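**Q** my_file_17.cif is reproduced in full below (mmCIF, C-alpha atoms).
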```cif
data_upload
#
loop_
_atom_site.label_atom_id
_atom_site.label_comp_id
_atom_site.auth_asym_id
_atom_site.auth_seq_id
_atom_site.Cartn_x
_atom_site.Cartn_y
_atom_site.Cartn_z
CA MET Z 1 111.73 90.89 110.34
CA VAL Z 2 111.19 87.88 108.09
CA VAL Z 3 108.42 88.10 105.52
CA GLN Z 4 107.02 85.78 102.90
CA LYS Z 5 104.42 85.71 100.14
CA PRO Z 6 101.15 86.75 101.74
CA ARG Z 7 98.34 84.36 102.42
CA TYR Z 8 94.77 85.28 103.28
CA THR Z 9 93.88 84.52 106.89
CA GLY Z 10 90.14 85.02 106.84
CA ILE Z 11 90.09 88.46 108.44
CA ARG Z 12 87.66 90.93 106.90
CA TRP Z 13 88.43 94.55 107.66
CA ARG Z 14 84.89 95.87 107.71
CA GLY Z 15 85.95 99.43 108.49
CA TRP Z 16 87.67 99.73 105.11
CA GLY Z 17 85.43 97.46 103.04
CA ILE Z 18 88.50 95.66 101.70
CA ARG Z 19 90.45 92.56 102.57
CA LEU Z 20 93.99 92.78 103.86
CA VAL Z 21 96.44 89.95 104.34
CA LEU Z 22 97.85 89.39 107.81
CA LEU Z 23 101.55 88.61 107.58
CA GLY Z 24 103.74 88.39 110.64
CA CYS Z 25 103.79 91.85 112.10
CA LEU Z 26 103.02 93.20 108.65
CA LEU Z 27 100.00 93.54 106.44
CA TRP Z 28 100.36 93.69 102.70
CA ALA Z 29 97.81 96.00 101.14
CA SER Z 30 97.08 98.01 98.06
CA LEU Z 31 94.65 100.80 98.85
CA ALA Z 32 94.81 102.36 95.38
CA ILE Z 33 94.96 105.83 96.89
CA GLY Z 34 96.16 108.75 94.81
CA PRO Z 35 95.80 112.51 94.76
CA CYS Z 36 92.57 114.15 93.69
CA PRO Z 37 92.73 114.64 89.88
CA VAL Z 38 91.84 118.35 90.14
CA GLN Z 39 94.54 119.00 92.70
CA ALA Z 40 97.04 116.78 90.88
CA SER Z 41 96.82 119.05 87.85
CA ARG Z 42 98.22 121.88 89.96
CA TRP Z 43 100.98 119.82 91.54
CA GLY Z 44 104.32 118.67 90.32
CA GLU Z 45 105.48 115.08 90.55
CA GLU Z 46 107.09 115.60 93.95
CA GLN Z 47 103.95 117.05 95.53
CA GLN Z 48 101.89 114.19 94.10
CA LEU Z 49 104.18 111.62 95.72
CA LEU Z 50 103.96 113.33 99.10
CA ALA Z 51 100.18 113.63 98.77
CA GLN Z 52 99.96 109.90 98.06
CA ALA Z 53 101.95 109.13 101.20
CA TRP Z 54 99.70 111.42 103.24
CA ALA Z 55 96.57 109.75 101.82
CA TYR Z 56 97.79 106.27 102.76
CA VAL Z 57 98.20 107.34 106.37
CA ASP Z 58 94.93 109.29 106.36
CA ARG Z 59 93.02 106.21 105.21
CA ALA Z 60 94.77 103.48 107.16
CA TYR Z 61 96.57 104.69 110.30
CA VAL Z 62 95.48 102.93 113.49
CA ASP Z 63 95.06 106.16 115.48
CA PRO Z 64 92.22 108.25 113.99
CA GLY Z 65 93.43 111.20 116.08
CA PHE Z 66 96.86 111.10 114.41
CA ASN Z 67 98.71 111.70 117.67
CA GLY Z 68 96.42 114.58 118.64
CA GLN Z 69 97.00 116.71 115.55
CA ASN Z 70 95.00 117.94 112.57
CA TRP Z 71 96.26 115.62 109.86
CA TRP Z 72 94.84 117.82 107.09
CA GLN Z 73 96.82 120.78 108.36
CA VAL Z 74 99.93 118.59 108.43
CA ARG Z 75 99.27 117.82 104.77
CA GLN Z 76 98.95 121.47 103.84
CA ARG Z 77 102.09 122.42 105.73
CA PHE Z 78 104.29 119.88 103.96
CA LEU Z 79 102.74 120.39 100.52
CA SER Z 80 103.55 124.08 100.78
CA ARG Z 81 107.25 123.27 100.70
CA PRO Z 82 109.13 123.94 97.43
CA LEU Z 83 109.89 120.28 96.63
CA LYS Z 84 112.18 120.28 93.61
CA GLU Z 85 113.92 116.90 93.80
CA ARG Z 86 113.19 113.41 95.07
CA LYS Z 87 115.60 113.62 97.99
CA GLN Z 88 113.70 116.63 99.34
CA THR Z 89 110.40 114.79 98.93
CA TYR Z 90 111.66 111.74 100.81
CA GLN Z 91 112.88 113.97 103.62
CA ALA Z 92 109.50 115.72 103.78
CA ILE Z 93 107.67 112.37 103.93
CA GLU Z 94 109.94 111.19 106.75
CA GLU Z 95 109.34 114.40 108.70
CA MET Z 96 105.58 114.15 108.11
CA LEU Z 97 105.47 110.58 109.42
CA ALA Z 98 107.60 111.55 112.41
CA THR Z 99 104.79 113.82 113.63
CA LEU Z 100 102.81 110.65 114.42
CA GLY Z 101 105.31 109.71 117.14
CA ASP Z 102 105.25 106.09 115.94
CA PRO Z 103 108.68 104.59 115.08
CA PHE Z 104 107.03 101.65 113.32
CA THR Z 105 105.30 103.94 110.78
CA ARG Z 106 108.13 104.89 108.48
CA PHE Z 107 109.23 105.66 104.94
CA LEU Z 108 111.12 103.00 102.95
CA ASP Z 109 113.22 103.84 99.92
CA ARG Z 110 112.93 101.47 96.98
CA GLU Z 111 115.72 99.15 98.14
CA HIS Z 112 114.32 98.74 101.66
CA TYR Z 113 110.78 98.39 100.39
CA LEU Z 114 111.75 95.59 98.02
CA SER Z 115 113.77 93.83 100.71
CA LEU Z 116 110.74 93.69 102.99
CA GLN Z 117 108.67 92.16 100.20
CA THR Z 118 111.19 89.42 99.51
CA SER Z 119 111.24 86.21 101.51
CA THR Z 120 114.60 85.46 103.08
CA ALA Z 121 113.80 81.72 103.17
CA GLY Z 122 115.47 81.53 106.57
CA GLU Z 123 118.81 83.00 105.48
CA LEU Z 124 120.15 86.36 106.62
CA SER Z 125 123.41 88.27 106.47
CA GLY Z 126 124.69 90.51 109.24
CA VAL Z 127 125.36 90.36 112.97
CA GLY Z 128 122.10 88.72 114.07
CA LEU Z 129 120.26 91.45 115.99
CA GLN Z 130 116.53 92.19 116.10
CA ILE Z 131 116.03 95.83 117.11
CA ALA Z 132 113.26 98.31 117.90
CA ILE Z 133 112.90 101.97 118.88
CA ASP Z 134 111.35 102.58 122.31
CA GLU Z 135 109.07 105.41 123.43
CA GLN Z 136 112.05 107.63 124.25
CA GLY Z 137 113.56 107.13 120.79
CA ALA Z 138 116.33 104.80 121.95
CA VAL Z 139 117.34 101.92 119.69
CA ARG Z 140 117.10 98.74 121.76
CA VAL Z 141 117.83 95.09 121.18
CA ILE Z 142 114.76 92.87 121.14
CA ALA Z 143 116.91 89.75 121.05
CA PRO Z 144 120.07 88.38 119.45
CA MET Z 145 119.60 85.40 117.16
CA GLU Z 146 121.05 82.12 118.30
CA GLY Z 147 124.54 81.25 117.10
CA THR Z 148 125.18 84.70 115.60
CA PRO Z 149 128.03 87.16 116.21
CA ALA Z 150 125.73 89.30 118.37
CA GLU Z 151 124.86 86.42 120.69
CA GLN Z 152 128.47 85.24 120.88
CA ALA Z 153 129.50 88.75 121.92
CA GLY Z 154 127.10 88.64 124.89
CA ILE Z 155 124.59 91.24 123.61
CA GLN Z 156 121.32 90.88 125.53
CA PRO Z 157 117.67 91.96 125.18
CA GLN Z 158 117.06 95.61 126.15
CA ASP Z 159 120.69 96.63 125.51
CA GLU Z 160 120.68 100.09 123.94
CA ILE Z 161 122.62 100.72 120.72
CA LEU Z 162 124.26 104.15 120.91
CA ALA Z 163 126.37 104.12 117.75
CA VAL Z 164 127.29 101.97 114.74
CA ASP Z 165 130.87 102.35 113.50
CA ARG Z 166 131.08 105.38 115.82
CA VAL Z 167 128.17 107.12 114.08
CA PRO Z 168 125.50 107.99 116.71
CA VAL Z 169 122.13 106.42 115.96
CA ALA Z 170 120.13 109.20 117.63
CA GLY Z 171 117.69 110.58 115.07
CA LEU Z 172 118.15 107.68 112.63
CA SER Z 173 115.22 105.53 111.57
CA LEU Z 174 115.07 101.84 112.40
CA ASP Z 175 115.89 100.95 108.81
CA GLU Z 176 118.87 103.32 108.75
CA VAL Z 177 120.32 101.71 111.87
CA ALA Z 178 119.77 98.23 110.44
CA GLU Z 179 121.35 99.27 107.14
CA ARG Z 180 124.51 100.43 108.94
CA MET Z 181 124.81 97.05 110.67
CA ARG Z 182 124.34 95.11 107.43
CA GLY Z 183 127.20 94.40 105.06
CA ARG Z 184 129.22 91.75 103.30
CA SER Z 185 130.00 88.59 105.20
CA GLY Z 186 133.44 88.79 106.78
CA THR Z 187 133.49 92.56 107.22
CA PRO Z 188 133.67 94.14 110.70
CA VAL Z 189 131.25 96.53 112.36
CA THR Z 190 131.65 98.26 115.73
CA LEU Z 191 128.67 98.80 118.03
CA LYS Z 192 128.57 101.12 121.01
CA LEU Z 193 126.18 99.70 123.60
CA LYS Z 194 124.66 100.66 126.92
CA ARG Z 195 123.30 98.36 129.62
CA GLN Z 196 122.12 100.22 132.70
CA ASP Z 197 125.22 102.24 133.76
CA ARG Z 198 127.70 100.31 131.63
CA ILE Z 199 128.78 101.66 128.22
CA TRP Z 200 131.12 99.68 125.99
CA GLU Z 201 132.13 99.01 122.39
CA VAL Z 202 132.30 95.65 120.67
CA GLU Z 203 133.54 94.75 117.20
CA LEU Z 204 131.50 92.11 115.39
CA VAL Z 205 132.31 90.33 112.15
CA ARG Z 206 129.31 90.04 109.83
CA GLN Z 207 128.42 86.58 108.59
CA SER Z 208 125.78 84.73 106.63
CA ILE Z 209 123.20 83.40 109.05
CA THR Z 210 121.07 80.39 108.29
CA ILE Z 211 118.12 80.16 110.65
CA ASN Z 212 116.94 76.72 111.71
CA PRO Z 213 114.14 77.83 114.02
CA VAL Z 214 113.43 74.58 115.91
CA ARG Z 215 115.65 72.44 118.13
CA THR Z 216 114.39 69.50 120.15
CA ARG Z 217 115.75 67.41 123.00
CA PHE Z 218 114.29 65.04 125.56
CA PHE Z 219 114.60 64.92 129.33
CA GLU Z 220 114.47 61.33 130.50
CA LEU Z 221 112.91 61.34 133.96
CA PRO Z 222 111.93 58.44 136.22
CA GLN Z 223 108.27 58.46 135.31
CA GLY Z 224 108.52 59.39 131.66
CA SER Z 225 110.17 61.75 129.21
CA VAL Z 226 109.56 65.46 128.56
CA ALA Z 227 110.06 66.96 125.10
CA TYR Z 228 111.83 70.31 125.04
CA ILE Z 229 111.12 72.32 121.85
CA ARG Z 230 113.18 75.45 121.32
CA LEU Z 231 111.60 77.90 118.82
CA SER Z 232 113.96 80.77 118.03
CA GLN Z 233 112.01 82.58 115.30
CA PHE Z 234 108.72 82.44 113.42
CA ASN Z 235 109.94 82.11 109.85
CA GLY Z 236 108.38 80.28 106.93
CA ASN Z 237 109.69 76.91 108.18
CA ALA Z 238 108.70 77.24 111.83
CA ALA Z 239 105.21 75.72 111.81
CA ALA Z 240 106.20 72.68 109.77
CA GLN Z 241 109.22 72.02 111.97
CA VAL Z 242 107.23 72.36 115.20
CA ARG Z 243 104.59 69.99 113.79
CA GLN Z 244 107.32 67.47 112.97
CA ALA Z 245 108.83 67.81 116.47
CA ILE Z 246 105.48 67.23 118.19
CA ARG Z 247 104.68 64.20 116.06
CA ALA Z 248 108.11 62.70 116.78
CA ALA Z 249 107.62 63.30 120.51
CA GLU Z 250 104.14 61.78 120.47
CA ALA Z 251 105.53 58.69 118.78
CA GLN Z 252 107.88 58.32 121.75
CA GLY Z 253 105.02 58.68 124.24
CA VAL Z 254 106.27 61.78 126.06
CA ARG Z 255 104.49 62.84 129.24
CA GLY Z 256 104.74 66.59 128.69
CA TYR Z 257 106.27 69.47 126.71
CA ILE Z 258 108.34 72.58 127.30
CA LEU Z 259 108.08 75.20 124.54
CA ASP Z 260 110.95 77.69 124.80
CA LEU Z 261 110.16 81.13 123.32
CA ARG Z 262 112.86 83.03 125.20
CA ASN Z 263 114.72 85.60 123.06
CA ASN Z 264 112.37 84.85 120.17
CA PRO Z 265 111.75 88.27 118.56
CA GLY Z 266 108.80 87.14 116.45
CA GLY Z 267 108.43 86.98 112.68
CA LEU Z 268 105.44 85.62 110.79
CA LEU Z 269 102.21 85.95 112.72
CA GLN Z 270 100.68 83.27 110.50
CA ALA Z 271 103.29 80.82 111.79
CA ALA Z 272 102.36 81.68 115.39
CA ILE Z 273 98.68 81.07 114.60
CA GLU Z 274 99.39 77.70 113.01
CA ILE Z 275 101.53 76.59 115.96
CA ALA Z 276 98.89 77.71 118.46
CA ARG Z 277 96.39 75.48 116.67
CA PHE Z 278 98.64 72.47 117.33
CA TRP Z 279 97.91 72.90 121.04
CA ILE Z 280 94.59 74.74 121.49
CA PRO Z 281 91.39 72.76 120.71
CA LYS Z 282 88.87 75.62 120.63
CA GLY Z 283 88.39 79.34 121.16
CA ASP Z 284 90.23 82.33 119.77
CA ILE Z 285 93.95 82.48 119.04
CA VAL Z 286 94.23 86.27 118.70
CA LEU Z 287 92.03 89.35 118.37
CA VAL Z 288 92.84 92.12 115.88
CA THR Z 289 91.38 95.63 116.24
CA ASP Z 290 91.52 98.45 113.71
CA ARG Z 291 91.21 102.25 113.95
CA HIS Z 292 87.44 102.03 114.24
CA GLY Z 293 87.62 99.66 117.21
CA ILE Z 294 86.31 96.84 115.05
CA GLN Z 295 87.61 93.49 116.21
CA ASP Z 296 88.10 90.30 114.28
CA SER Z 297 89.26 87.03 115.74
CA ILE Z 298 91.30 84.15 114.43
CA PRO Z 299 89.99 80.89 115.92
CA ALA Z 300 91.42 77.50 116.74
CA THR Z 301 90.46 74.73 114.33
CA GLY Z 302 90.16 71.79 116.72
CA GLU Z 303 92.98 69.87 115.06
CA VAL Z 304 95.37 69.61 118.00
CA LEU Z 305 98.42 67.37 117.82
CA THR Z 306 98.73 66.63 121.53
CA GLU Z 307 96.85 66.97 124.80
CA ALA Z 308 99.92 66.46 127.01
CA PRO Z 309 100.70 69.16 129.63
CA LEU Z 310 102.64 72.16 128.35
CA VAL Z 311 104.87 74.81 129.96
CA VAL Z 312 106.06 77.81 127.94
CA LEU Z 313 109.28 79.71 128.72
CA VAL Z 314 109.30 83.47 128.01
CA ASN Z 315 111.44 86.50 128.83
CA GLN Z 316 111.90 90.14 127.83
CA GLY Z 317 113.29 89.00 124.48
CA SER Z 318 110.01 87.24 123.60
CA ALA Z 319 108.23 89.67 121.30
CA SER Z 320 105.49 90.10 118.73
CA ALA Z 321 104.47 86.71 117.30
CA SER Z 322 105.97 85.06 120.41
CA GLU Z 323 103.60 87.10 122.54
CA VAL Z 324 100.64 86.14 120.36
CA LEU Z 325 101.42 82.44 120.83
CA ALA Z 326 102.20 82.74 124.54
CA GLY Z 327 99.09 84.85 125.18
CA ALA Z 328 96.84 82.40 123.36
CA LEU Z 329 98.23 79.43 125.29
CA GLN Z 330 97.92 81.29 128.60
CA ASP Z 331 94.42 82.68 128.07
CA SER Z 332 93.08 79.33 126.89
CA GLY Z 333 94.43 77.62 129.99
CA ARG Z 334 96.40 75.29 127.75
CA ALA Z 335 99.80 76.13 129.22
CA GLN Z 336 101.53 77.82 132.13
CA LEU Z 337 104.05 80.54 131.33
CA VAL Z 338 107.35 80.61 133.21
CA GLY Z 339 110.02 83.32 133.14
CA THR Z 340 109.83 87.11 133.01
CA ARG Z 341 107.50 89.68 131.40
CA THR Z 342 107.65 89.72 127.60
CA PHE Z 343 108.77 92.60 125.37
CA GLY Z 344 105.43 94.24 124.53
CA LYS Z 345 105.14 94.62 120.73
CA GLY Z 346 101.52 94.39 119.66
CA LEU Z 347 101.21 96.56 116.54
CA ILE Z 348 100.62 95.47 112.96
CA GLN Z 349 102.05 97.33 109.98
CA SER Z 350 100.94 97.49 106.33
CA LEU Z 351 103.42 97.77 103.48
CA LEU Z 352 102.08 100.31 100.99
CA GLU Z 353 103.82 101.07 97.69
CA LEU Z 354 104.24 104.62 96.41
CA ALA Z 355 104.20 105.62 92.76
CA ASP Z 356 108.00 105.60 92.32
CA GLY Z 357 108.54 102.15 93.84
CA SER Z 358 109.39 103.36 97.33
CA GLY Z 359 106.90 102.67 100.09
CA LEU Z 360 105.60 103.09 103.60
CA ALA Z 361 105.27 100.80 106.58
CA VAL Z 362 102.13 102.10 108.31
CA THR Z 363 100.72 100.91 111.63
CA THR Z 364 97.17 99.89 110.74
CA ALA Z 365 96.01 97.67 113.60
CA LYS Z 366 96.97 96.06 116.88
CA TYR Z 367 96.46 92.62 118.24
CA LEU Z 368 95.15 91.49 121.61
CA THR Z 369 95.20 88.19 123.45
CA PRO Z 370 91.92 86.20 123.42
CA SER Z 371 90.91 87.73 126.78
CA GLY Z 372 91.37 91.24 125.32
CA HIS Z 373 94.75 92.00 126.92
CA ASP Z 374 96.60 94.70 124.95
CA ILE Z 375 100.13 93.39 124.46
CA HIS Z 376 101.68 96.62 123.19
CA ARG Z 377 104.01 98.29 125.69
CA GLN Z 378 102.68 96.01 128.43
CA GLY Z 379 103.85 92.56 127.42
CA ILE Z 380 102.59 89.38 129.03
CA GLN Z 381 103.14 88.52 132.68
CA PRO Z 382 104.07 84.86 133.23
CA ASP Z 383 102.05 82.67 135.57
CA VAL Z 384 105.26 81.78 137.40
CA VAL Z 385 107.87 84.55 137.54
CA VAL Z 386 111.43 83.22 137.53
CA ALA Z 387 114.32 85.60 136.93
CA GLU Z 388 117.13 84.49 134.68
CA GLY Z 389 120.21 83.12 136.38
CA SER Z 390 123.69 84.59 136.37
CA VAL Z 391 124.68 82.65 133.25
CA PRO Z 392 123.51 84.44 130.04
CA LEU Z 393 121.14 82.52 127.79
CA THR Z 394 122.97 81.39 124.66
CA ALA Z 395 122.67 78.47 122.27
CA GLU Z 396 125.10 76.60 124.54
CA THR Z 397 123.51 77.40 127.91
CA LEU Z 398 119.81 77.11 127.01
CA ALA Z 399 118.33 74.00 128.65
CA GLY Z 400 121.60 73.39 130.49
CA PRO Z 401 122.15 72.59 134.19
CA GLU Z 402 122.21 76.29 135.19
CA ASP Z 403 119.03 77.20 133.32
CA ILE Z 404 116.84 77.82 136.38
CA GLN Z 405 113.79 78.77 134.34
CA LEU Z 406 113.89 75.42 132.61
CA GLN Z 407 114.29 73.66 135.95
CA ARG Z 408 111.17 75.41 137.23
CA ALA Z 409 109.29 74.30 134.12
CA LEU Z 410 110.33 70.70 134.76
CA GLU Z 411 109.20 71.08 138.35
CA LEU Z 412 105.76 72.24 137.23
CA LEU Z 413 105.45 69.31 134.86
CA GLY Z 414 106.48 67.03 137.71
CA GLN Z 415 103.73 68.44 139.90
CA THR Z 416 101.22 67.94 137.10
CA GLN Z 417 102.17 64.36 136.37
CA GLY Z 418 103.95 63.12 139.44
CA ILE Z 419 107.32 63.50 137.74
CA PRO Z 420 110.06 64.67 140.13
CA VAL Z 421 112.27 67.66 139.31
CA ALA Z 422 115.28 66.83 137.16
CA LYS Z 423 118.44 67.81 139.00
CA SER Z 424 120.27 68.14 135.71
CA PRO Z 425 119.25 67.77 132.05
#
```
The structure in this file should be written as structure tokens.

**A**
Amino acid sequence: MVVQKPRYTGIRWRGWGIRLVLLGCLLWASLAIGPCPVQASRWGEEQQLLAQAWAYVDRAYVDPGFNGQNWWQVRQRFLSRPLKERKQTYQAIEEMLATLGDPFTRFLDREHYLSLQTSTAGELSGVGLQIAIDEQGAVRVIAPMEGTPAEQAGIQPQDEILAVDRVPVAGLSLDEVAERMRGRSGTPVTLKLKRQDRIWEVELVRQSITINPVRTRFFELPQGSVAYIRLSQFNGNAAAQVRQAIRAAEAQGVRGYILDLRNNPGGLLQAAIEIARFWIPKGDIVLVTDRHGIQDSIPATGEVLTEAPLVVLVNQGSASASEVLAGALQDSGRAQLVGTRTFGKGLIQSLLELADGSGLAVTTAKYLTPSGHDIHRQGIQPDVVVAEGSVPLTAETLAGPEDIQLQRALELLGQTQGIPVAKSP
């Protein structure tokens, strides 16, 4: 996930009486929670660190039932352990968080915590995979990034990762799996993958990956041109680049737009909100609900860049911020969605720092589409369902002659404006 310096979005979390900053799928927060001074006097440093982690979750976790367990008893059980060194404490915190049954709520050692606080400025190093852990504990691909070793090797959304360098990933955290795939540019890594009944291994060579999130092309049709905008990730540059693409298309007098969010795993939620405002004149962009059921909304601002017809392409690799944007455009009636059901990632995490510089990622809220549809685990159903063709979607095949989802989008725009279907791009 790409993160950047937080910016306030105008959401007031009334249930906590504090303000938090919405950032992509993450919230940055400082709750200033520590152990009770009386109790702290009886505890060693290790117990105090575990108690701080417990208190963060107790105060902020999105499920007030804590997965159907007595969270205070969980606290007592883990504090009763003879914690004598930091490694033992970290292990206890990980086990305590695991009782929540939420793979997105997790412990981060100092290195991983700092890396999530640092903006990548659109540059990554690795194999180019966005991953998640499903309800059964399997590590699955959300989407490969365009032009990366993972995409070139034919890895697809929903592929399961079984092992990294022949080390099984079962029981590893998301960050541990990602860490095993990271490494110096030019070094190899072997992944064992599963797709339905097929199991295979593939060796990838890590590389530095520069992400340019927006690509644009035009389809010249008899009655006018259509601008195709491909958005591969919501990083810090995405909104500005989409704005530039729309303005350039408007200057050419295009008759309609296709916004391609397929295999876009998300990123900065703020970028998705800004892009939605380019298209939606009024109403809500997204609803956010906390543990108390309190909802806040983020509205459109009325400063749209175009009123031309819009079709949005989505698939099972469209996740998180992609689903926020697609849901807003669908619910507002601003666009038709074409493709297949989206991934279904609708939770928001907070990054919370512990006393020794390590931290937690804690699920603190979830987001809904403007109509109240819960995205998490359900995804968004397109208006027009079109399965992907036999040719895998890659940087080379997207928007090509065999891209049947794109052809259906062009057909819809033709019906809207009297533009016939393009037989080939």

**Q** What's the 6 Å shell around Z:Ile285, counting only C-alpha atoms, without same-chain residues fewer than 3 positions away, as number ranges by chain?

**A** Z: 298-299, 328

**Q** Taking (108.6, 106.3, 108.5) in the file's coordinates, which residues come within 6 Å, counting only C-alpha atoms, written as a VMD selection string?

**A** chain Z and resid 94 97 105 to 107

**Q** Measure the distance from atom CA of Z:Gln48 to atom CA of Z:Leu352 in Å and round it to one decimal.

**A**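 Separation of atom CA of Z:Gln48 and atom CA of Z:Leu352: 15.5 Å.
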
**Q** Evaluate the PyMOL selection byres ((chain Z and resi 167) around 10) against this structure - the residues, as a PyMOL selection string, please.

**A** chain Z and resi 162-166+168-170+177+180+190-192

**Q** Taking the file as shown, what set of residues would the PyMOL selection byres ((chain Z and resi 310-327) around 6) give back, as an MDAnalysis selection string?

**A** chainID Z and resid 142:143 157 256:266 269 272 276 309 328:331 335:343 345:346 369

**Q** Expressed in Å to a single decimal, how great is the separation between atom CA of Z:Asp58 and atom CA of Z:Leu100?

**A**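 Result for atom CA of Z:Asp58 versus atom CA of Z:Leu100: 11.4 Å, one decimal.
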
**Q** Counting only C-alpha atoms, what is within 9 Å of Z:Ala239, bar same-chain residues fewer than 4 positions away, as a count of residues only?

**A** 10

**Q** Which one of Z:Asp290, Z:Gly183, Z:Gly171, Z:Glu160 sits closest to Z:Glu201 if you count all atoms listed in the file?

**A**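 Nearest to Z:Glu201: Z:Glu160.
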
**Q** Starting from the displayed file, determine the output of the PyMOL selection byres ((chain Z and resi 61-77) around 8) and express the residue list as a ChimeraX atom specification.

**A** /Z:51,54,56-60,78-81,96,99-101,290-292,362-366

**Q** Of the residues Z:Leu50, Z:Ile199, Z:Ala98, Z:Leu108, which is the one nearest to Z:Ser358, using all atoms listed in the file?

**A**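 Smallest separation from Z:Ser358 among the options: Z:Leu108.
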
**Q** Quick one: distance from atom CA of Z:Asp374 to atom CA of Z:Leu347 in Å, one decimal?

**A**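 About the pair atom CA of Z:Asp374 and atom CA of Z:Leu347: they are 9.8 Å apart.
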
**Q** Please determine, counting only C-alpha atoms, which residue among Z:Val226, Z:Leu360, Z:Asp134, Z:Thr397 has the shortest atom-to-atom distance to Z:Ala55.

**A**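 Result for the nearest residue to Z:Ala55: Z:Leu360.
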
**Q** Of the candidates Z:Tyr367, Z:Leu351, Z:Gly253, Z:Arg217, which one gets nearest to Z:Gly400 if we count only C-alpha atoms?

**A**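 Of the candidates, the smallest distance to Z:Gly400 is held by Z:Arg217.
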